[in-house]
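Q: Below is the file final-v2.cif, with mmCIF, C-alpha atoms and all ligand atoms.
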data_run
#
loop_
_atom_site.group_PDB
_atom_site.id
_atom_site.type_symbol
_atom_site.label_atom_id
_atom_site.label_comp_id
_atom_site.auth_asym_id
_atom_site.auth_seq_id
_atom_site.Cartn_x
_atom_site.Cartn_y
_atom_site.Cartn_z
ATOM 1 C CA MET V 18 0.000 0.000 0.000
ATOM 2 C CA THR V 19 1.339 3.441 -0.853
ATOM 3 C CA ILE V 20 0.634 6.672 0.952
ATOM 4 C CA PRO V 21 0.709 10.163 -0.615
ATOM 5 C CA ALA V 22 4.103 11.735 -1.218
ATOM 6 C CA SER V 23 2.873 15.101 0.110
ATOM 7 C CA GLY V 24 5.307 14.926 3.024
ATOM 8 C CA TYR V 25 8.186 15.173 0.570
ATOM 9 C CA PRO V 26 7.689 18.427 -1.402
ATOM 10 C CA LEU V 27 11.410 19.039 -2.042
ATOM 11 C CA THR V 28 11.836 15.491 -3.317
ATOM 12 C CA ALA V 29 8.756 15.849 -5.523
ATOM 13 C CA ALA V 30 10.277 19.014 -7.021
ATOM 14 C CA VAL V 31 13.286 16.971 -8.199
ATOM 15 C CA SER V 32 11.754 13.592 -8.997
ATOM 16 C CA PRO V 33 8.934 13.101 -11.542
ATOM 17 C CA ARG V 34 7.519 10.160 -9.569
ATOM 18 C CA VAL V 35 7.701 9.761 -5.809
ATOM 19 C CA GLN V 36 6.044 6.797 -4.149
ATOM 20 C CA VAL V 37 5.965 6.354 -0.398
ATOM 21 C CA ALA V 38 5.227 2.850 0.882
ATOM 22 C CA GLU V 39 3.803 2.471 4.378
ATOM 23 C CA HIS V 40 5.954 -0.625 4.663
ATOM 24 C CA THR V 41 7.561 -3.071 2.272
ATOM 25 C CA GLY V 42 10.092 -5.877 2.042
ATOM 26 C CA SER V 43 12.723 -4.112 -0.049
ATOM 27 C CA THR V 44 12.389 -0.854 -1.962
ATOM 28 C CA ASN V 45 15.107 -2.041 -4.353
ATOM 29 C CA ALA V 46 13.277 -5.298 -5.099
ATOM 30 C CA ASP V 47 10.006 -3.389 -5.610
ATOM 31 C CA LEU V 48 11.503 -0.784 -7.941
ATOM 32 C CA VAL V 49 13.420 -3.371 -10.010
ATOM 33 C CA ALA V 50 10.163 -5.338 -10.387
ATOM 34 C CA ALA V 51 8.103 -2.220 -11.209
ATOM 35 C CA ALA V 52 10.623 -1.186 -13.863
ATOM 36 C CA SER V 53 10.071 -4.496 -15.664
ATOM 37 C CA THR V 54 6.356 -3.832 -16.148
ATOM 38 C CA ASP V 55 5.995 -0.017 -16.140
ATOM 39 C CA ASP V 56 7.743 2.654 -18.176
ATOM 40 C CA LEU V 57 9.129 4.514 -15.157
ATOM 41 C CA PRO V 58 10.765 7.918 -15.703
ATOM 42 C CA HIS V 59 14.379 8.711 -14.817
ATOM 43 C CA LEU V 60 14.706 9.618 -11.097
ATOM 44 C CA SER V 61 11.574 7.687 -10.079
ATOM 45 C CA VAL V 62 11.733 7.233 -6.331
ATOM 46 C CA LEU V 63 10.300 4.663 -3.953
ATOM 47 C CA LEU V 64 10.800 5.126 -0.241
ATOM 48 C CA THR V 65 9.634 3.842 3.089
ATOM 49 C CA THR V 66 10.532 4.207 6.749
ATOM 50 C CA ASP V 67 9.496 0.611 7.446
ATOM 51 C CA GLN V 68 11.546 -1.766 5.284
ATOM 52 C CA ARG V 69 11.315 -5.324 6.573
ATOM 53 C CA SER V 70 13.659 -7.408 4.363
ATOM 54 C CA GLY V 71 16.336 -4.911 3.382
ATOM 55 C CA ARG V 72 19.054 -6.266 1.117
ATOM 56 C CA GLY V 73 22.744 -5.557 1.509
ATOM 57 C CA ARG V 74 25.466 -6.607 -0.876
ATOM 58 C CA LEU V 75 26.292 -10.316 -1.367
ATOM 59 C CA ASP V 76 22.947 -11.431 0.127
ATOM 60 C CA ARG V 77 23.649 -9.708 3.425
ATOM 61 C CA ARG V 78 20.809 -8.154 5.352
ATOM 62 C CA TRP V 79 20.170 -4.461 5.914
ATOM 63 C CA GLU V 80 18.452 -4.218 9.280
ATOM 64 C CA THR V 81 16.309 -1.299 10.350
ATOM 65 C CA PRO V 82 13.576 -1.402 12.996
ATOM 66 C CA PRO V 83 10.322 0.276 11.806
ATOM 67 C CA GLY V 84 10.510 4.083 11.841
ATOM 68 C CA SER V 85 14.232 4.150 12.595
ATOM 69 C CA ALA V 86 15.580 4.582 9.080
ATOM 70 C CA LEU V 87 14.850 5.668 5.574
ATOM 71 C CA ALA V 88 14.950 3.158 2.726
ATOM 72 C CA LEU V 89 15.163 4.955 -0.580
ATOM 73 C CA SER V 90 15.487 3.589 -4.098
ATOM 74 C CA VAL V 91 15.905 5.638 -7.247
ATOM 75 C CA LEU V 92 15.683 4.502 -10.858
ATOM 76 C CA LEU V 93 18.350 5.875 -13.180
ATOM 77 C CA HIS V 94 18.188 5.708 -16.963
ATOM 78 C CA VAL V 95 21.814 5.208 -17.913
ATOM 79 C CA GLY V 96 21.479 4.107 -21.539
ATOM 80 C CA ASP V 97 23.656 6.989 -22.779
ATOM 81 C CA LEU V 98 26.462 6.243 -20.331
ATOM 82 C CA PRO V 99 29.149 3.988 -21.852
ATOM 83 C CA ILE V 100 29.004 0.526 -20.245
ATOM 84 C CA GLU V 101 32.630 0.730 -19.106
ATOM 85 C CA ALA V 102 31.787 3.884 -17.088
ATOM 86 C CA ARG V 103 28.827 2.367 -15.226
ATOM 87 C CA GLY V 104 31.020 1.262 -12.348
ATOM 88 C CA TRP V 105 31.044 4.933 -11.428
ATOM 89 C CA ILE V 106 27.282 4.944 -10.668
ATOM 90 C CA PRO V 107 27.559 3.501 -7.118
ATOM 91 C CA LEU V 108 30.526 5.753 -6.422
ATOM 92 C CA ALA V 109 28.571 8.782 -7.639
ATOM 93 C CA ALA V 110 25.688 7.745 -5.369
ATOM 94 C CA GLY V 111 28.036 7.368 -2.396
ATOM 95 C CA TRP V 112 29.558 10.774 -3.064
ATOM 96 C CA ALA V 113 26.147 12.439 -3.525
ATOM 97 C CA MET V 114 24.851 10.909 -0.279
ATOM 98 C CA THR V 115 28.004 11.889 1.599
ATOM 99 C CA GLU V 116 27.476 15.507 0.534
ATOM 100 C CA ALA V 117 23.749 15.408 1.390
ATOM 101 C CA ILE V 118 24.418 13.996 4.872
ATOM 102 C CA ARG V 119 27.313 16.397 5.405
ATOM 103 C CA ALA V 120 24.939 19.313 4.711
ATOM 104 C CA GLN V 121 22.957 18.284 7.825
ATOM 105 C CA LEU V 122 25.799 17.042 10.040
ATOM 106 C CA SER V 123 28.227 19.845 9.320
ATOM 107 C CA ASP V 124 29.902 19.605 12.744
ATOM 108 C CA GLN V 125 30.703 15.912 12.401
ATOM 109 C CA ASN V 126 33.288 14.040 10.388
ATOM 110 C CA VAL V 127 31.187 12.743 7.461
ATOM 111 C CA ALA V 128 33.102 10.786 4.830
ATOM 112 C CA LEU V 129 32.770 8.273 2.048
ATOM 113 C CA LYS V 130 34.212 4.807 2.574
ATOM 114 C CA TRP V 131 35.098 3.243 -0.772
ATOM 115 C CA PRO V 132 33.055 2.327 -2.670
ATOM 116 C CA ASN V 133 29.853 3.746 -1.240
ATOM 117 C CA ASP V 134 29.302 3.560 2.517
ATOM 118 C CA VAL V 135 28.790 6.870 4.275
ATOM 119 C CA LEU V 136 30.524 7.074 7.657
ATOM 120 C CA VAL V 137 30.143 9.549 10.486
ATOM 121 C CA GLY V 138 33.114 9.507 12.818
ATOM 122 C CA GLY V 139 34.127 6.174 11.257
ATOM 123 C CA ARG V 140 30.699 4.554 11.807
ATOM 124 C CA LYS V 141 28.252 3.603 9.064
ATOM 125 C CA ILE V 142 25.175 5.793 8.753
ATOM 126 C CA CYS V 143 24.278 4.818 5.187
ATOM 127 C CA GLY V 144 24.766 1.803 2.944
ATOM 128 C CA ILE V 145 24.109 1.750 -0.800
ATOM 129 C CA LEU V 146 23.199 -1.094 -3.142
ATOM 130 C CA ALA V 147 23.036 -0.627 -6.933
ATOM 131 C CA GLU V 148 21.176 -3.239 -8.956
ATOM 132 C CA ALA V 149 20.508 -3.455 -12.690
ATOM 133 C CA THR V 150 16.902 -3.747 -13.842
ATOM 134 C CA LEU V 151 15.883 -7.056 -15.399
ATOM 135 C CA ASP V 152 16.493 -5.800 -18.971
ATOM 136 C CA PHE V 153 19.701 -3.914 -17.984
ATOM 137 C CA ALA V 154 18.217 -0.690 -19.407
ATOM 138 C CA ALA V 155 18.360 1.130 -16.086
ATOM 139 C CA VAL V 156 19.914 0.922 -12.655
ATOM 140 C CA VAL V 157 18.158 1.033 -9.299
ATOM 141 C CA VAL V 158 20.276 2.592 -6.574
ATOM 142 C CA GLY V 159 19.063 1.914 -3.047
ATOM 143 C CA SER V 160 20.224 3.755 0.044
ATOM 144 C CA GLY V 161 19.514 2.885 3.635
ATOM 145 C CA ILE V 162 19.970 5.859 5.956
ATOM 146 C CA ASN V 163 19.820 5.459 9.729
ATOM 147 C CA THR V 164 17.750 8.409 10.826
ATOM 148 C CA ALA V 165 15.887 8.102 14.163
ATOM 149 C CA MET V 166 17.635 4.853 15.159
ATOM 150 C CA ALA V 167 18.293 4.850 18.926
ATOM 151 C CA PRO V 168 21.595 3.542 20.304
ATOM 152 C CA GLU V 169 19.964 0.285 21.461
ATOM 153 C CA GLN V 170 18.494 -0.281 17.977
ATOM 154 C CA LEU V 171 21.804 -0.169 16.100
ATOM 155 C CA PRO V 172 22.135 -3.573 14.382
ATOM 156 C CA VAL V 173 25.937 -3.657 14.571
ATOM 157 C CA GLU V 174 28.577 -1.911 16.680
ATOM 158 C CA THR V 175 29.979 -0.184 13.618
ATOM 159 C CA ALA V 176 26.702 1.661 12.874
ATOM 160 C CA THR V 177 25.491 5.118 13.794
ATOM 161 C CA SER V 178 22.448 7.271 13.036
ATOM 162 C CA PHE V 179 21.368 10.905 12.941
ATOM 163 C CA ALA V 180 19.747 10.385 16.383
ATOM 164 C CA VAL V 181 22.916 8.875 17.853
ATOM 165 C CA GLU V 182 24.799 11.893 16.494
ATOM 166 C CA GLY V 183 22.295 14.140 18.292
ATOM 167 C CA GLU V 184 20.516 15.425 15.173
ATOM 168 C CA VAL V 185 17.081 15.132 13.581
ATOM 169 C CA CYS V 186 17.289 14.210 9.907
ATOM 170 C CA ASP V 187 15.329 16.391 7.502
ATOM 171 C CA GLU V 188 14.499 13.450 5.244
ATOM 172 C CA ASP V 189 12.886 15.463 2.464
ATOM 173 C CA ARG V 190 15.868 17.799 2.193
ATOM 174 C CA LEU V 191 18.277 14.867 2.383
ATOM 175 C CA ILE V 192 16.621 13.042 -0.508
ATOM 176 C CA ALA V 193 16.328 16.180 -2.658
ATOM 177 C CA ASP V 194 19.983 17.154 -2.009
ATOM 178 C CA TYR V 195 21.084 13.624 -2.856
ATOM 179 C CA LEU V 196 19.045 13.351 -6.064
ATOM 180 C CA VAL V 197 20.186 16.737 -7.372
ATOM 181 C CA ARG V 198 23.867 15.879 -6.831
ATOM 182 C CA LEU V 199 23.579 12.346 -8.153
ATOM 183 C CA ASP V 200 21.771 13.433 -11.311
ATOM 184 C CA ARG V 201 24.210 16.288 -11.921
ATOM 185 C CA ALA V 202 27.204 13.975 -11.513
ATOM 186 C CA LEU V 203 25.766 11.428 -13.938
ATOM 187 C CA VAL V 204 24.839 14.076 -16.518
ATOM 188 C CA ALA V 205 28.401 15.445 -16.337
ATOM 189 C CA LEU V 206 29.842 11.927 -16.624
ATOM 190 C CA THR V 207 27.656 11.152 -19.632
ATOM 191 C CA THR V 208 28.534 14.484 -21.285
ATOM 192 C CA ALA V 209 32.230 13.672 -20.784
ATOM 193 C CA GLY V 210 31.710 10.372 -22.643
ATOM 194 C CA GLY V 211 32.125 8.390 -19.408
ATOM 195 C CA ASP V 212 35.453 9.998 -18.475
ATOM 196 C CA ALA V 213 35.185 10.500 -14.691
ATOM 197 C CA VAL V 214 38.423 12.468 -14.533
ATOM 198 C CA ALA V 215 37.234 14.944 -17.182
ATOM 199 C CA SER V 216 33.765 15.242 -15.624
ATOM 200 C CA GLY V 217 35.178 16.062 -12.182
ATOM 201 C CA LEU V 218 33.543 13.049 -10.517
ATOM 202 C CA HIS V 219 36.882 11.355 -9.871
ATOM 203 C CA ALA V 220 38.151 14.427 -8.013
ATOM 204 C CA ASP V 221 34.899 14.750 -6.034
ATOM 205 C CA VAL V 222 35.022 11.106 -4.939
ATOM 206 C CA VAL V 223 38.708 11.338 -4.011
ATOM 207 C CA ALA V 224 38.057 14.477 -1.943
ATOM 208 C CA ALA V 225 35.185 12.837 -0.029
ATOM 209 C CA CYS V 226 36.815 9.437 0.493
ATOM 210 C CA SER V 227 38.332 8.752 3.927
ATOM 211 C CA THR V 228 39.639 5.339 2.808
ATOM 212 C CA LEU V 229 42.518 6.960 0.957
ATOM 213 C CA SER V 230 45.914 6.876 2.660
ATOM 214 C CA LEU V 231 44.595 4.513 5.371
ATOM 215 C CA PRO V 232 45.885 1.007 6.008
ATOM 216 C CA VAL V 233 43.111 -1.347 4.869
ATOM 217 C CA ARG V 234 42.197 -5.017 4.858
ATOM 218 C CA VAL V 235 40.286 -6.055 1.736
ATOM 219 C CA PHE V 236 38.169 -9.204 1.625
ATOM 220 C CA LEU V 237 38.112 -10.015 -2.089
ATOM 221 C CA PRO V 238 35.158 -11.774 -3.785
ATOM 222 C CA ASP V 239 37.296 -14.914 -4.388
ATOM 223 C CA GLY V 240 37.813 -15.268 -0.631
ATOM 224 C CA SER V 241 41.389 -13.999 -0.597
ATOM 225 C CA LEU V 242 42.711 -11.182 1.545
ATOM 226 C CA LEU V 243 44.717 -8.123 0.628
ATOM 227 C CA GLU V 244 46.327 -5.801 3.146
ATOM 228 C CA GLY V 245 48.063 -2.572 2.354
ATOM 229 C CA ILE V 246 47.693 1.170 2.113
ATOM 230 C CA ALA V 247 44.788 2.532 0.074
ATOM 231 C CA SER V 248 46.847 4.731 -2.193
ATOM 232 C CA GLY V 249 44.340 6.037 -4.719
ATOM 233 C CA ILE V 250 41.289 5.564 -6.927
ATOM 234 C CA ASP V 251 42.003 4.952 -10.611
ATOM 235 C CA ALA V 252 40.178 6.334 -13.645
ATOM 236 C CA GLU V 253 37.841 3.298 -13.599
ATOM 237 C CA GLY V 254 36.875 3.914 -9.955
ATOM 238 C CA ARG V 255 38.912 0.971 -8.623
ATOM 239 C CA LEU V 256 40.635 1.293 -5.267
ATOM 240 C CA GLN V 257 44.418 1.103 -5.490
ATOM 241 C CA VAL V 258 45.956 -0.852 -2.615
ATOM 242 C CA ALA V 259 49.724 -0.940 -2.148
ATOM 243 C CA ARG V 260 51.059 -3.969 -0.270
ATOM 244 C CA ALA V 261 54.109 -3.320 1.907
ATOM 245 C CA GLY V 262 57.205 -3.528 -0.286
ATOM 246 C CA ALA V 263 55.278 -3.845 -3.577
ATOM 247 C CA ILE V 264 56.310 -1.599 -6.466
ATOM 248 C CA GLU V 265 52.868 -1.285 -8.074
ATOM 249 C CA PRO V 266 49.538 -1.022 -6.199
ATOM 250 C CA GLU V 267 46.833 -3.613 -6.880
ATOM 251 C CA SER V 268 43.446 -2.538 -8.272
ATOM 252 C CA VAL V 269 40.329 -3.599 -6.412
ATOM 253 C CA SER V 270 37.016 -3.363 -8.269
ATOM 254 C CA ALA V 271 34.897 -5.136 -5.629
ATOM 255 C CA GLY V 272 35.455 -6.236 -2.064
ATOM 256 C CA ASP V 273 34.769 -5.504 1.570
ATOM 257 C CA ILE V 274 37.092 -2.973 3.055
ATOM 258 C CA VAL V 275 38.036 -2.687 6.701
ATOM 259 C CA HIS V 276 39.749 0.530 7.705
ATOM 260 C CA LEU V 277 42.545 -0.554 10.042
ATOM 261 C CA ARG V 278 42.839 2.950 11.450
ATOM 262 C CA PHE V 279 40.484 5.957 11.482
HETATM 263 C C1 LIG H 1 25.000 -2.246 2.189
HETATM 264 O O1 LIG H 1 25.367 -3.540 2.110
HETATM 265 O O2 LIG H 1 25.504 -1.416 2.925
HETATM 266 C C2 LIG H 1 23.845 -1.885 1.274
HETATM 267 C C3 LIG H 1 22.621 -1.541 2.048
HETATM 268 C C4 LIG H 1 21.542 -1.052 1.106
HETATM 269 C C5 LIG H 1 20.232 -0.879 1.805
HETATM 270 C C6 LIG H 1 19.234 -0.195 0.924
HETATM 271 S S1 LIG H 1 17.817 0.292 1.795
HETATM 272 C C7 LIG H 1 16.997 0.662 0.328
HETATM 273 C C8 LIG H 1 17.356 -0.436 -0.656
HETATM 274 N N1 LIG H 1 16.484 -1.583 -0.540
HETATM 275 C C9 LIG H 1 17.162 -2.682 -0.128
HETATM 276 O O3 LIG H 1 16.642 -3.807 0.051
HETATM 277 N N2 LIG H 1 18.451 -2.376 0.066
HETATM 278 C C10 LIG H 1 18.725 -1.002 -0.263
HETATM 279 P P1 LIG H 1 26.685 -4.133 2.781
HETATM 280 O O4 LIG H 1 27.854 -3.291 2.430
HETATM 281 O O5 LIG H 1 26.676 -5.558 2.377
HETATM 282 O O6 LIG H 1 26.449 -3.971 4.320
HETATM 283 C C11 LIG H 1 25.622 -4.870 5.020
HETATM 284 C C12 LIG H 1 26.220 -5.015 6.406
HETATM 285 O O7 LIG H 1 26.065 -3.757 7.108
HETATM 286 C C13 LIG H 1 25.529 -6.052 7.257
HETATM 287 O O8 LIG H 1 26.104 -7.330 7.090
HETATM 288 C C14 LIG H 1 25.736 -5.500 8.680
HETATM 289 O O9 LIG H 1 27.038 -5.840 9.140
HETATM 290 C C15 LIG H 1 25.726 -4.003 8.454
HETATM 291 N N3 LIG H 1 24.398 -3.419 8.672
HETATM 292 C C16 LIG H 1 23.174 -3.993 8.558
HETATM 293 N N4 LIG H 1 22.222 -3.109 8.804
HETATM 294 C C17 LIG H 1 22.849 -1.924 9.066
HETATM 295 C C18 LIG H 1 22.399 -0.621 9.409
HETATM 296 N N5 LIG H 1 21.106 -0.305 9.497
HETATM 297 N N6 LIG H 1 23.349 0.336 9.630
HETATM 298 C C19 LIG H 1 24.668 0.083 9.550
HETATM 299 N N7 LIG H 1 25.156 -1.145 9.224
HETATM 300 C C20 LIG H 1 24.240 -2.128 8.995
#
Just dump the structure as structure tokens.
A:
Amino acid sequence: MTIPASGYPLTAAVSPRVQVAEHTGSTNADLVAAASTDDLPHLSVLLTTDQRSGRGRLDRRWETPPGSALALSVLLHVGDLPIEARGWIPLAAGWAMTEAIRAQLSDQNVALKWPNDVLVGGRKICGILAEATLDFAAVVVGSGINTAMAPEQLPVETATSFAVEGEVCDEDRLIADYLVRLDRALVALTTAGGDAVASGLHADVVAACSTLSLPVRVFLPDGSLLEGIASGIDAEGRLQVARAGAIEPESVSAGDIVHLRF
């Protein structure tokens, strides 16, 4: 069941289609499914504050007690973006969300953890999951933002929320700020033919990313482990990790990163 989007006027000024679900399993699953049957416009949004089966990456769970967090999914038409540049979409989303959260938590240390977690004081306030639609014509980018989550509701020790940081999240402003930045970054990237360095996105992500220059442990998708210093982000958006004593850094396109120092 959906409820009117009237509580989100700023969001509705940016997005052509805003749907607010009273509760649902997963806003990403719903929007991917809707995109396979309906001709949804670019920047269509589905959100809820009661998501009951939130998906993380690699089949992990995203856990948010009812009313404690925002689950937001946005549909992006990316047909004009070269396929080899599409790896930048989750990074652009992470950067855009970092900026939107930073606008409301200006006194705290808000940063992007590669590729797209948003951390406040080293703790995760937002996770992002990008999924292709069934026909690969569009991408659904889902963000889970811990808003009113009380300390005792945090699902893991490494999490935080606006409430834990002593702030009330202006959800409507957050979503609108995020969508404007994300859309602008993707338009610039598309205009630059997918060149993230030329579009400025590479520099924006580097500037926001607290992973860089830290010692990190990377759990790679094949089960192996890489430890070293996160030395940069390359033109494809991959994290460069330099092992101790190695001449060249290794490029990581996917993996779980642990910051070994903050
Ligand atoms: C993510 O996965 O961080 C992506 C989360 C995406 C959630 C959004 S909500 C809207 C949309 N609809 C969905 O169904 N999903 C998206 P990952 O990097 O795999 O992190 C998951 C891990 O974060 C878990 O294994 C926990 O350790 C931790 N975690 C779970 N819930 C959390 C929370 N609320 N806050 C902070 N960390 C959490």
Q: Dig up all the protein and nucleic acid residues within 10 Å of (16.2, -4.6, -4.8) in the file frame, using all atoms listed in the file, and format them as an mmCIF file with C-alpha atoms, in the frame of the given file.
A:
data_model
loop_
_atom_site.group_PDB
_atom_site.id
_atom_site.type_symbol
_atom_site.label_atom_id
_atom_site.label_comp_id
_atom_site.auth_asym_id
_atom_site.auth_seq_id
_atom_site.Cartn_x
_atom_site.Cartn_y
_atom_site.Cartn_z
ATOM 1 C CA GLY V 42 10.092 -5.877 2.042
ATOM 2 C CA SER V 43 12.723 -4.112 -0.049
ATOM 3 C CA THR V 44 12.389 -0.854 -1.962
ATOM 4 C CA ASN V 45 15.107 -2.041 -4.353
ATOM 5 C CA ALA V 46 13.277 -5.298 -5.099
ATOM 6 C CA ASP V 47 10.006 -3.389 -5.610
ATOM 7 C CA LEU V 48 11.503 -0.784 -7.941
ATOM 8 C CA VAL V 49 13.420 -3.371 -10.010
ATOM 9 C CA ALA V 50 10.163 -5.338 -10.387
ATOM 10 C CA SER V 70 13.659 -7.408 4.363
ATOM 11 C CA GLY V 71 16.336 -4.911 3.382
ATOM 12 C CA ARG V 72 19.054 -6.266 1.117
ATOM 13 C CA GLY V 73 22.744 -5.557 1.509
ATOM 14 C CA SER V 90 15.487 3.589 -4.098
ATOM 15 C CA LEU V 146 23.199 -1.094 -3.142
ATOM 16 C CA ALA V 147 23.036 -0.627 -6.933
ATOM 17 C CA GLU V 148 21.176 -3.239 -8.956
ATOM 18 C CA ALA V 149 20.508 -3.455 -12.690
ATOM 19 C CA THR V 150 16.902 -3.747 -13.842
ATOM 20 C CA VAL V 157 18.158 1.033 -9.299
ATOM 21 C CA VAL V 158 20.276 2.592 -6.574
ATOM 22 C CA GLY V 159 19.063 1.914 -3.047
#
Q: 8 Å from ligand LIG 1 (chain H) is the threshold here; counting only C-alpha atoms and all ligand atoms, which polymer residues fall inside it? Answer as a PyMOL selection string.
A: chain V and resi 42-46+64+68+70-81+86-90+133-134+140-147+158-163+171-173+175-178+273
Q: Which neighbours of Leu93 (chain V) fall inside 8 Å, counting all atoms listed in the file, when residues of the same chain fewer than 2 positions from it are skipped, and could you give them as a list in words?
A: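 Contacts, in chain order: His59, Leu60, Ser61, Val91, Val95, Ala155, Val156, Val157 and Val158 of chain V.
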Q: Produce the centre coordinates and the three edge lengths, each in Å to one decimal, of the box along x, y and z that contains all listed atoms of region 197-211 of chain V with 3 Å added on each side, as AutoDock Vina command-line options.
A:
--center_x 26.2 --center_y 12.6 --center_z -14.7 --size_x 18.0 --size_y 14.3 --size_z 21.8
Q: Check which residues satisfy the PyMOL selection byres (((chain V and resi 266) around 12) and not hetatm) in the file shown, then give them as a PyMOL selection string.
A: chain V and resi 243-251+255-265+267-269
Q: Could you tell me which residues the PyMOL selection byres (((chain V and resi 28-35) around 8) and not hetatm) returns for this structure, as a count of residues only?
A: 19
Q: How many Å separate CA of Leu129 (chain V) from CA of Thr115 (chain V)?
A: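 Interatomic distance, CA of Leu129 (chain V) to CA of Thr115 (chain V): 6.0 Å.
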